[in-house]
file protein_3.cif (mmCIF, C-alpha atoms)
data_target
loop_
_atom_site.group_PDB
_atom_site.id
_atom_site.type_symbol
_atom_site.label_atom_id
_atom_site.label_comp_id
_atom_site.auth_asym_id
_atom_site.auth_seq_id
_atom_site.Cartn_x
_atom_site.Cartn_y
_atom_site.Cartn_z
ATOM 1 C CA MET A 1 126.410 37.985 149.960
ATOM 2 C CA GLU A 2 123.280 37.784 147.839
ATOM 3 C CA MET A 3 122.585 40.718 145.587
ATOM 4 C CA SER A 4 119.013 41.719 144.922
ATOM 5 C CA GLU A 5 117.984 41.754 141.308
ATOM 6 C CA SER A 6 117.892 45.564 141.188
ATOM 7 C CA GLN A 7 121.373 45.883 142.702
ATOM 8 C CA GLU A 8 122.606 43.295 140.273
ATOM 9 C CA LYS A 9 121.160 45.172 137.317
ATOM 10 C CA GLU A 10 122.657 48.466 138.492
ATOM 11 C CA SER A 11 126.102 46.989 138.299
ATOM 12 C CA LEU A 12 125.579 45.885 134.699
ATOM 13 C CA ILE A 13 126.593 47.875 131.648
ATOM 14 C CA GLN A 14 124.330 47.587 128.622
ATOM 15 C CA LEU A 15 126.060 46.958 125.314
ATOM 16 C CA THR A 16 125.006 47.334 121.696
ATOM 17 C CA VAL A 17 126.498 45.303 118.858
ATOM 18 C CA ASP A 18 128.162 47.884 116.647
ATOM 19 C CA ARG A 19 129.652 45.717 113.930
ATOM 20 C CA VAL A 20 131.312 42.426 113.044
ATOM 21 C CA VAL A 21 134.868 42.707 111.751
ATOM 22 C CA GLU A 22 136.570 39.988 109.765
ATOM 23 C CA ASP A 23 140.053 39.031 110.889
ATOM 24 C CA SER A 24 141.176 37.361 107.686
ATOM 25 C CA ASN A 25 144.568 36.381 109.161
ATOM 26 C CA THR A 26 142.963 33.873 111.511
ATOM 27 C CA ASP A 27 139.539 33.272 109.920
ATOM 28 C CA THR A 28 137.866 34.606 113.056
ATOM 29 C CA ARG A 29 135.424 37.438 113.556
ATOM 30 C CA ILE A 30 135.576 40.252 116.058
ATOM 31 C CA ILE A 31 132.276 41.325 117.550
ATOM 32 C CA VAL A 32 132.585 45.008 118.381
ATOM 33 C CA LEU A 33 130.172 46.168 121.061
ATOM 34 C CA THR A 34 129.704 49.718 122.270
ATOM 35 C CA ARG A 35 128.209 50.994 125.519
ATOM 36 C CA SER A 36 124.549 51.800 125.134
ATOM 37 C CA ASP A 37 125.099 54.855 127.391
ATOM 38 C CA GLY A 38 127.237 56.385 124.658
ATOM 39 C CA ALA A 39 130.615 56.163 126.419
ATOM 40 C CA ALA A 40 133.366 55.848 123.876
ATOM 41 C CA GLU A 41 135.136 52.612 124.813
ATOM 42 C CA HIS A 42 134.619 49.394 122.914
ATOM 43 C CA PHE A 43 134.172 45.841 124.088
ATOM 44 C CA MET A 44 135.422 43.197 121.710
ATOM 45 C CA VAL A 45 134.815 39.477 121.613
ATOM 46 C CA TRP A 46 136.634 37.107 119.262
ATOM 47 C CA VAL A 47 134.442 34.374 117.818
ATOM 48 C CA GLY A 48 134.650 31.703 115.115
ATOM 49 C CA ALA A 49 133.766 32.498 111.513
ATOM 50 C CA SER A 50 130.363 30.776 111.509
ATOM 51 C CA GLU A 51 129.438 32.256 114.912
ATOM 52 C CA GLY A 52 130.442 35.694 113.653
ATOM 53 C CA GLU A 53 128.370 35.262 110.512
ATOM 54 C CA ALA A 54 125.337 34.282 112.627
ATOM 55 C CA ILE A 55 125.679 37.588 114.488
ATOM 56 C CA LYS A 56 126.317 39.562 111.309
ATOM 57 C CA ARG A 57 123.145 38.180 109.710
ATOM 58 C CA ALA A 58 121.163 39.462 112.700
ATOM 59 C CA VAL A 59 122.870 42.884 112.600
ATOM 60 C CA ASP A 60 122.168 43.150 108.860
ATOM 61 C CA ALA A 61 118.621 41.754 109.296
ATOM 62 C CA ALA A 62 119.568 39.327 106.519
ATOM 63 C CA ILE A 63 116.956 36.848 105.390
ATOM 64 C CA THR A 64 118.089 33.296 104.666
ATOM 65 C CA PRO A 65 116.050 30.787 102.623
ATOM 66 C CA ARG A 66 116.110 28.314 105.522
ATOM 67 C CA PRO A 67 116.168 28.954 109.284
ATOM 68 C CA MET A 68 119.725 29.034 110.599
ATOM 69 C CA SER A 69 120.627 27.552 114.017
ATOM 70 C CA HIS A 70 119.785 30.609 116.133
ATOM 71 C CA ASP A 71 116.607 31.207 114.143
ATOM 72 C CA LEU A 72 115.642 27.679 115.182
ATOM 73 C CA VAL A 73 116.243 28.473 118.873
ATOM 74 C CA LYS A 74 114.106 31.590 118.445
ATOM 75 C CA SER A 75 111.455 29.464 116.748
ATOM 76 C CA PHE A 76 111.399 27.034 119.716
ATOM 77 C CA GLY A 77 110.819 30.042 121.954
ATOM 78 C CA GLU A 78 107.952 31.281 119.810
ATOM 79 C CA HIS A 79 106.296 27.865 119.797
ATOM 80 C CA PHE A 80 106.610 27.387 123.557
ATOM 81 C CA GLY A 81 106.169 30.999 124.683
ATOM 82 C CA ILE A 82 109.708 31.237 126.078
ATOM 83 C CA LYS A 83 111.001 34.794 126.253
ATOM 84 C CA THR A 84 114.705 35.657 126.070
ATOM 85 C CA GLU A 85 114.834 38.387 128.727
ATOM 86 C CA ARG A 86 118.484 39.362 128.602
ATOM 87 C CA VAL A 87 121.978 38.022 128.180
ATOM 88 C CA VAL A 88 124.881 38.898 130.442
ATOM 89 C CA LEU A 89 128.593 38.478 129.827
ATOM 90 C CA THR A 90 129.412 37.197 133.287
ATOM 91 C CA ASP A 91 133.014 36.078 133.394
ATOM 92 C CA VAL A 92 136.326 35.944 131.589
ATOM 93 C CA LYS A 93 139.011 33.321 132.141
ATOM 94 C CA GLY A 94 142.115 33.776 130.082
ATOM 95 C CA SER A 95 140.728 34.877 126.755
ATOM 96 C CA THR A 96 137.444 32.951 127.135
ATOM 97 C CA TYR A 97 134.307 34.914 127.923
ATOM 98 C CA TYR A 98 131.305 33.321 129.611
ATOM 99 C CA ALA A 99 127.712 34.360 129.123
ATOM 100 C CA THR A 100 124.412 33.626 130.835
ATOM 101 C CA VAL A 101 121.095 33.706 128.989
ATOM 102 C CA PHE A 102 118.059 34.638 131.103
ATOM 103 C CA LEU A 103 114.846 33.002 129.905
ATOM 104 C CA GLU A 104 111.304 33.340 131.175
ATOM 105 C CA ASN A 105 108.076 31.466 130.576
ATOM 106 C CA LYS A 106 104.785 32.001 132.435
ATOM 107 C CA GLY A 107 106.580 33.578 135.366
ATOM 108 C CA VAL A 108 109.218 30.847 135.582
ATOM 109 C CA GLY A 109 112.778 32.077 135.107
ATOM 110 C CA ARG A 110 115.661 29.908 133.959
ATOM 111 C CA THR A 111 119.285 30.689 133.177
ATOM 112 C CA ILE A 112 121.565 28.831 130.825
ATOM 113 C CA ASP A 113 125.321 28.925 130.357
ATOM 114 C CA ALA A 114 126.423 29.903 126.849
ATOM 115 C CA ARG A 115 129.285 31.145 124.780
ATOM 116 C CA PRO A 116 128.921 34.903 124.148
ATOM 117 C CA SER A 117 128.517 34.193 120.419
ATOM 118 C CA ASP A 118 125.389 32.068 120.944
ATOM 119 C CA ALA A 119 124.027 34.424 123.608
ATOM 120 C CA ILE A 120 124.481 37.506 121.401
ATOM 121 C CA ALA A 121 123.160 35.775 118.260
ATOM 122 C CA LEU A 122 119.981 34.843 120.146
ATOM 123 C CA ALA A 123 119.619 38.206 121.918
ATOM 124 C CA LEU A 124 119.728 40.118 118.625
ATOM 125 C CA ARG A 125 117.027 37.904 117.121
ATOM 126 C CA CYS A 126 114.793 38.313 120.170
ATOM 127 C CA GLN A 127 115.447 42.039 120.736
ATOM 128 C CA ALA A 128 116.803 41.177 124.174
ATOM 129 C CA PRO A 129 119.281 43.523 125.882
ATOM 130 C CA ILE A 130 122.951 42.526 126.184
ATOM 131 C CA TYR A 131 124.847 43.375 129.374
ATOM 132 C CA VAL A 132 128.334 42.975 130.738
ATOM 133 C CA THR A 133 129.184 42.957 134.440
ATOM 134 C CA GLN A 134 131.346 45.824 135.754
ATOM 135 C CA ASP A 135 133.978 43.271 136.666
ATOM 136 C CA VAL A 136 134.185 41.767 133.164
ATOM 137 C CA TRP A 137 134.080 45.266 131.646
ATOM 138 C CA ARG A 138 137.139 46.261 133.702
ATOM 139 C CA ARG A 139 138.965 43.089 132.743
ATOM 140 C CA ARG A 140 138.261 43.420 129.006
ATOM 141 C CA SER A 141 141.095 43.093 126.512
ATOM 142 C CA GLY A 142 143.500 46.041 126.288
ATOM 143 C CA GLN A 143 142.128 49.389 125.169
ATOM 144 C CA ASN A 144 144.922 49.843 122.652
ATOM 145 C CA LEU A 145 143.039 47.243 120.629
ATOM 146 C CA ASP A 146 140.953 50.134 119.314
ATOM 147 C CA ALA A 147 143.963 51.353 117.355
ATOM 148 C CA TRP A 148 144.742 47.869 116.155
ATOM 149 C CA LEU A 149 141.137 47.349 115.109
ATOM 150 C CA SER A 150 141.023 50.524 113.043
ATOM 151 C CA LYS A 151 144.213 49.371 111.304
ATOM 152 C CA LEU A 152 142.578 46.029 110.499
ATOM 153 C CA GLU A 153 139.503 47.752 109.107
ATOM 154 C CA THR A 154 141.555 50.189 107.024
ATOM 155 C CA LYS A 155 143.454 47.281 105.525
ATOM 156 C CA GLU A 156 140.215 45.684 104.390
ATOM 157 C CA VAL A 157 139.188 48.735 102.376
ATOM 158 C CA MET B 1 105.775 6.207 104.991
ATOM 159 C CA ILE B 2 108.914 7.105 106.878
ATOM 160 C CA THR B 3 112.088 5.072 107.324
ATOM 161 C CA GLN B 4 114.327 5.242 110.347
ATOM 162 C CA MET B 5 117.868 6.273 109.443
ATOM 163 C CA GLN B 6 121.177 6.081 111.298
ATOM 164 C CA VAL B 7 123.972 8.581 110.928
ATOM 165 C CA LYS B 8 126.780 6.515 109.447
ATOM 166 C CA GLY B 9 129.374 9.202 109.263
ATOM 167 C CA LEU B 10 130.684 12.283 107.577
ATOM 168 C CA MET B 11 132.662 12.780 104.420
ATOM 169 C CA PHE B 12 134.391 15.744 102.918
ATOM 170 C CA ASP B 13 133.195 16.702 99.450
ATOM 171 C CA PRO B 14 136.190 18.398 97.822
ATOM 172 C CA TYR B 15 134.205 19.389 94.721
ATOM 173 C CA ASN B 16 131.804 21.567 96.673
ATOM 174 C CA ASN B 17 134.121 22.272 99.614
ATOM 175 C CA ALA B 18 131.353 21.001 101.874
ATOM 176 C CA TYR B 19 130.659 18.028 104.100
ATOM 177 C CA ILE B 20 128.226 15.199 103.557
ATOM 178 C CA VAL B 21 126.337 13.507 106.368
ATOM 179 C CA ILE B 22 125.594 9.922 105.369
ATOM 180 C CA LEU B 23 122.317 8.489 106.603
ATOM 181 C CA ARG B 24 121.502 4.807 106.082
ATOM 182 C CA ASP B 25 118.500 2.749 106.990
ATOM 183 C CA ASP B 26 118.818 -0.229 109.317
ATOM 184 C CA GLU B 27 118.804 -2.747 106.439
ATOM 185 C CA GLN B 28 121.582 -0.778 104.761
ATOM 186 C CA SER B 29 119.485 -0.713 101.614
ATOM 187 C CA GLU B 30 118.869 3.019 101.421
ATOM 188 C CA MET B 31 121.349 5.818 101.677
ATOM 189 C CA LEU B 32 120.681 9.498 102.018
ATOM 190 C CA PRO B 33 123.580 11.947 101.681
ATOM 191 C CA ILE B 34 122.987 15.403 103.110
ATOM 192 C CA TRP B 35 125.303 18.259 102.247
ATOM 193 C CA VAL B 36 126.070 20.510 105.216
ATOM 194 C CA GLY B 37 128.421 23.369 106.036
ATOM 195 C CA LYS B 38 131.666 23.012 107.940
ATOM 196 C CA SER B 39 130.431 24.186 111.337
ATOM 197 C CA GLU B 40 127.312 21.999 111.105
ATOM 198 C CA ALA B 41 129.488 19.005 110.168
ATOM 199 C CA SER B 42 131.793 19.684 113.070
ATOM 200 C CA SER B 43 128.821 19.837 115.457
ATOM 201 C CA ILE B 44 127.476 16.502 114.165
ATOM 202 C CA SER B 45 130.945 14.973 114.396
ATOM 203 C CA LEU B 46 131.327 16.013 118.056
ATOM 204 C CA ALA B 47 128.002 14.354 118.860
ATOM 205 C CA LEU B 48 128.899 11.162 116.951
ATOM 206 C CA GLU B 49 132.203 10.860 118.764
ATOM 207 C CA ASN B 50 130.626 11.750 122.100
ATOM 208 C CA VAL B 51 133.092 14.554 122.640
ATOM 209 C CA ALA B 52 132.150 17.135 125.244
ATOM 210 C CA PRO B 53 133.771 20.417 124.206
ATOM 211 C CA PRO B 54 135.067 22.737 126.966
ATOM 212 C CA ARG B 55 132.313 25.258 126.179
ATOM 213 C CA PRO B 56 128.803 24.447 124.912
ATOM 214 C CA MET B 57 128.669 24.576 121.119
ATOM 215 C CA THR B 58 125.580 25.989 119.397
ATOM 216 C CA HIS B 59 123.628 22.705 119.443
ATOM 217 C CA ASP B 60 124.618 22.054 123.055
ATOM 218 C CA PHE B 61 123.240 25.512 123.787
ATOM 219 C CA MET B 62 120.090 24.598 121.858
ATOM 220 C CA LYS B 63 119.761 21.441 123.966
ATOM 221 C CA SER B 64 120.273 23.440 127.208
ATOM 222 C CA TYR B 65 117.569 25.849 126.061
ATOM 223 C CA LEU B 66 115.097 22.976 125.642
ATOM 224 C CA ASP B 67 116.250 21.226 128.844
ATOM 225 C CA ALA B 68 115.754 24.415 130.872
ATOM 226 C CA PHE B 69 112.004 24.111 130.324
ATOM 227 C CA ASP B 70 111.795 20.304 130.058
ATOM 228 C CA ALA B 71 111.002 20.386 126.352
ATOM 229 C CA LYS B 72 111.900 17.055 124.734
ATOM 230 C CA VAL B 73 112.878 16.151 121.180
ATOM 231 C CA ILE B 74 110.774 13.111 120.237
ATOM 232 C CA SER B 75 112.012 12.596 116.694
ATOM 233 C CA VAL B 76 113.186 14.382 113.594
ATOM 234 C CA VAL B 77 112.006 13.712 110.055
ATOM 235 C CA ILE B 78 113.790 14.679 106.836
ATOM 236 C CA THR B 79 110.696 15.577 104.856
ATOM 237 C CA ASP B 80 111.535 17.115 101.537
ATOM 238 C CA LEU B 81 114.228 17.708 98.997
ATOM 239 C CA ASN B 82 113.676 20.701 96.796
ATOM 240 C CA GLU B 83 116.349 22.008 94.440
ATOM 241 C CA ASN B 84 119.057 20.442 96.572
ATOM 242 C CA THR B 85 117.722 22.003 99.754
ATOM 243 C CA TYR B 86 116.508 19.596 102.398
ATOM 244 C CA TYR B 87 113.669 20.308 104.753
ATOM 245 C CA SER B 88 113.077 18.650 108.075
ATOM 246 C CA LYS B 89 110.706 18.742 110.985
ATOM 247 C CA ILE B 90 111.596 18.465 114.640
ATOM 248 C CA HIS B 91 108.873 16.905 116.783
ATOM 249 C CA LEU B 92 108.898 17.952 120.415
ATOM 250 C CA THR B 93 106.802 17.702 123.527
ATOM 251 C CA TYR B 94 106.540 20.613 125.893
ATOM 252 C CA ALA B 95 104.140 20.997 128.829
ATOM 253 C CA ASP B 96 102.024 18.000 127.683
ATOM 254 C CA SER B 97 101.597 19.350 124.158
ATOM 255 C CA GLU B 98 103.218 18.289 120.910
ATOM 256 C CA TYR B 99 104.953 20.713 118.604
ATOM 257 C CA THR B 100 106.443 20.466 115.127
ATOM 258 C CA VAL B 101 109.164 22.945 114.215
ATOM 259 C CA ASP B 102 110.607 23.534 110.742
ATOM 260 C CA SER B 103 114.405 23.283 110.494
ATOM 261 C CA ARG B 104 117.369 22.486 108.330
ATOM 262 C CA PRO B 105 118.344 18.805 108.499
ATOM 263 C CA SER B 106 121.797 19.739 109.826
ATOM 264 C CA ASP B 107 120.281 21.358 112.924
ATOM 265 C CA ALA B 108 117.728 18.564 113.270
ATOM 266 C CA ILE B 109 120.388 15.837 113.110
ATOM 267 C CA ALA B 110 122.806 17.655 115.443
ATOM 268 C CA LEU B 111 119.985 18.082 117.955
ATOM 269 C CA ALA B 112 118.623 14.520 117.554
ATOM 270 C CA LEU B 113 122.054 13.010 118.264
ATOM 271 C CA ARG B 114 122.346 15.070 121.458
ATOM 272 C CA SER B 115 118.788 14.141 122.495
ATOM 273 C CA HIS B 116 119.070 10.429 121.617
ATOM 274 C CA ALA B 117 116.026 10.923 119.398
ATOM 275 C CA PRO B 118 115.411 8.824 116.267
ATOM 276 C CA ILE B 119 115.950 10.263 112.790
ATOM 277 C CA PHE B 120 113.516 9.393 110.017
ATOM 278 C CA ALA B 121 113.400 10.148 106.305
ATOM 279 C CA SER B 122 110.202 10.314 104.314
ATOM 280 C CA GLU B 123 109.888 7.892 101.395
ATOM 281 C CA SER B 124 109.749 10.698 98.853
ATOM 282 C CA VAL B 125 113.124 12.077 99.946
ATOM 283 C CA ILE B 126 114.811 8.706 99.572
ATOM 284 C CA ARG B 127 113.214 8.160 96.155
ATOM 285 C CA LYS B 128 114.289 11.536 94.903
ATOM 286 C CA GLN B 129 117.911 10.549 95.217
ATOM 287 C CA THR B 130 119.268 9.851 91.760
ATOM 288 C CA SER B 131 120.859 6.442 91.776
ATOM 289 C CA GLU B 132 123.755 7.315 89.468
ATOM 290 C CA GLU B 133 124.918 9.985 91.864
ATOM 291 C CA LEU B 134 124.727 7.605 94.796
ATOM 292 C CA ASP B 135 126.594 4.831 92.993
ATOM 293 C CA GLN B 136 129.344 7.243 92.174
ATOM 294 C CA TRP B 137 129.649 8.359 95.766
ATOM 295 C CA LEU B 138 129.506 4.808 97.078
ATOM 296 C CA GLU B 139 132.295 3.750 94.739
ATOM 297 C CA ASN B 140 134.496 6.494 96.043
ATOM 298 C CA LEU B 141 133.760 5.781 99.686
ATOM 299 C CA LYS B 142 136.590 4.396 101.723
ATOM 300 C CA PRO B 143 136.126 3.111 105.255
ATOM 301 C CA GLU B 144 138.450 5.795 106.568
ATOM 302 C CA ASP B 145 136.115 8.443 105.170
ATOM 303 C CA PHE B 146 133.583 7.532 107.796
ATOM 304 C CA GLY B 147 133.557 8.475 111.420
ATOM 305 C CA LYS B 148 136.330 10.874 112.275
ATOM 306 C CA LEU B 149 136.147 14.270 110.744
ATOM 307 C CA ASP B 150 139.601 15.593 110.079
ATOM 308 C CA SER B 151 139.518 19.294 110.700
#
call {"tool": "encode", "arguments": {"input": "protein_3.cif", "output": "structure tokens"}}
result
Amino acid sequence: MEMSESQEKESLIQLTVDRVVEDSNTDTRIIVLTRSDGAAEHFMVWVGASEGEAIKRAVDAAITPRPMSHDLVKSFGEHFGIKTERVVLTDVKGSTYYATVFLENKGVGRTIDARPSDAIALALRCQAPIYVTQDVWRRRSGQNLDAWLSKLETKEV
Amino acid sequence: MITQMQVKGLMFDPYNNAYIVILRDDEQSEMLPIWVGKSEASSISLALENVAPPRPMTHDFMKSYLDAFDAKVISVVITDLNENTYYSKIHLTYADSEYTVDSRPSDAIALALRSHAPIFASESVIRKQTSEELDQWLENLKPEDFGKLDS
């Protein structure tokens, strides 16, 4: 059954990147997202160290002397007039999340498959909204991770 | 003047805890080492070894982004070396127009390898290499340092 675009959007939950937490035990980063509607639960995505840093630089609005990889993608978009409309976390298999990036240029829409880390890093640089499907939201990693996360953050301090 | 370069391989630089991409010209008379970070080195290594990772890595994503709108990488040029920072330009065509985009050489090389686009270095960049440094590196090079990038 085909969903219309409006129905599809209704079933999406908008997320905001809250912070990037360093998991020093595994040299990974945890991207902590919160619901833009203010509901309390978190959504967490584990990413590699360099991917996490790319997101952290965008959150911190850090300026680097040279364009980093996602700045380059943004730069391509600016040169060609390609707009990053939104990114959607569309699926989860095992512990791997899948994302789709929605692009638009002169009325032509295109979607590309991406890891959530690349999708989020680009979205933040282009001020594009980040969504998760209801299905993926329900299947997110256990809620008790919130407690574990706060422990990890306390340890860092 | 620009010289076409081939990516010969990657080496680990234990002194700076970084990786070096080795570019050589076709006559093997010039060598250009480019220091890159670990994730950039790993991306270049995957392209050199023709490994398709289970999920698109950042430069695969970059390539998909360009492919989605039929933008093509024509060539990349390493243009300048300034206080140990390299500059490069990516030349592309999109909708019958040509574009030049500023980038780091690591991104340019990772993208060129995935796009089968030639890599060039400007004469000034090759000249700026101090020969003592190169000789030292060349002396320490072992064949097994090239090609495979051990984690």
call {"tool": "resolve_selection", "arguments": {"input": "protein_3.cif", "expression": "the PyMOL selection byres ((chain A) within 8 of (chain B))", "output": "PyMOL selection string"}}
result
chain A and resi 50+66-69+72-73+75-76+79-80+110-115+118
call {"tool": "atom_distance", "arguments": {"input": "protein_3.cif", "atom1": "atom CA of A:Glu22", "atom2": "atom CA of A:Val136"}}
result
23.6 Å
call {"tool": "resolve_selection", "arguments": {"input": "protein_3.cif", "expression": "the PyMOL selection byres ((chain B and resi 80) around 12)", "output": "list in words"}}
result
Ile2, Leu32, Ile34, Val77, Ile78, Thr79, Leu81, Asn82, Glu83, Asn84, Thr85, Tyr86, Tyr87, Ser88, Lys89, Asp102, Ser103, Arg104, Pro105, Phe120, Ala121, Ser122, Glu123, Ser124, Val125, Ile126, Arg127, Lys128 and Gln129 of chain B
call {"tool": "atom_distance", "arguments": {"input": "protein_3.cif", "atom1": "atom CA of B:Val21", "atom2": "atom CA of B:Ala117"}}
result
16.8 Å
call {"tool": "closest_residue", "arguments": {"input": "protein_3.cif", "among": "B:Met5, B:Leu111, B:Ile22, B:Met11", "to": "B:Ser43", "atoms": "only C-alpha atoms"}}
result
B:Leu111
call {"tool": "closest_residue", "arguments": {"input": "protein_3.cif", "among": "A:Ala121, A:Val108, A:Leu89, A:Ala61", "to": "A:Trp137", "atoms": "all atoms listed in the file"}}
result
A:Leu89
call {"tool": "atom_distance", "arguments": {"input": "protein_3.cif", "atom1": "atom CA of B:Ser45", "atom2": "atom CA of B:Asp26"}}
result
20.1 Å
call {"tool": "resolve_selection", "arguments": {"input": "protein_3.cif", "expression": "the PyMOL selection byres ((chain B and resi 6) around 10)", "output": "count of residues only"}}
result
19
call {"tool": "residues_around", "arguments": {"input": "protein_3.cif", "residues": "A:Arg125", "least_positions_apart": "4", "cutoff": "12 Å", "atoms": "all atoms listed in the file", "output": "PyMOL selection string"}}
result
chain A and resi 54-63+67-75+77-78+83-86+118-121+129-130
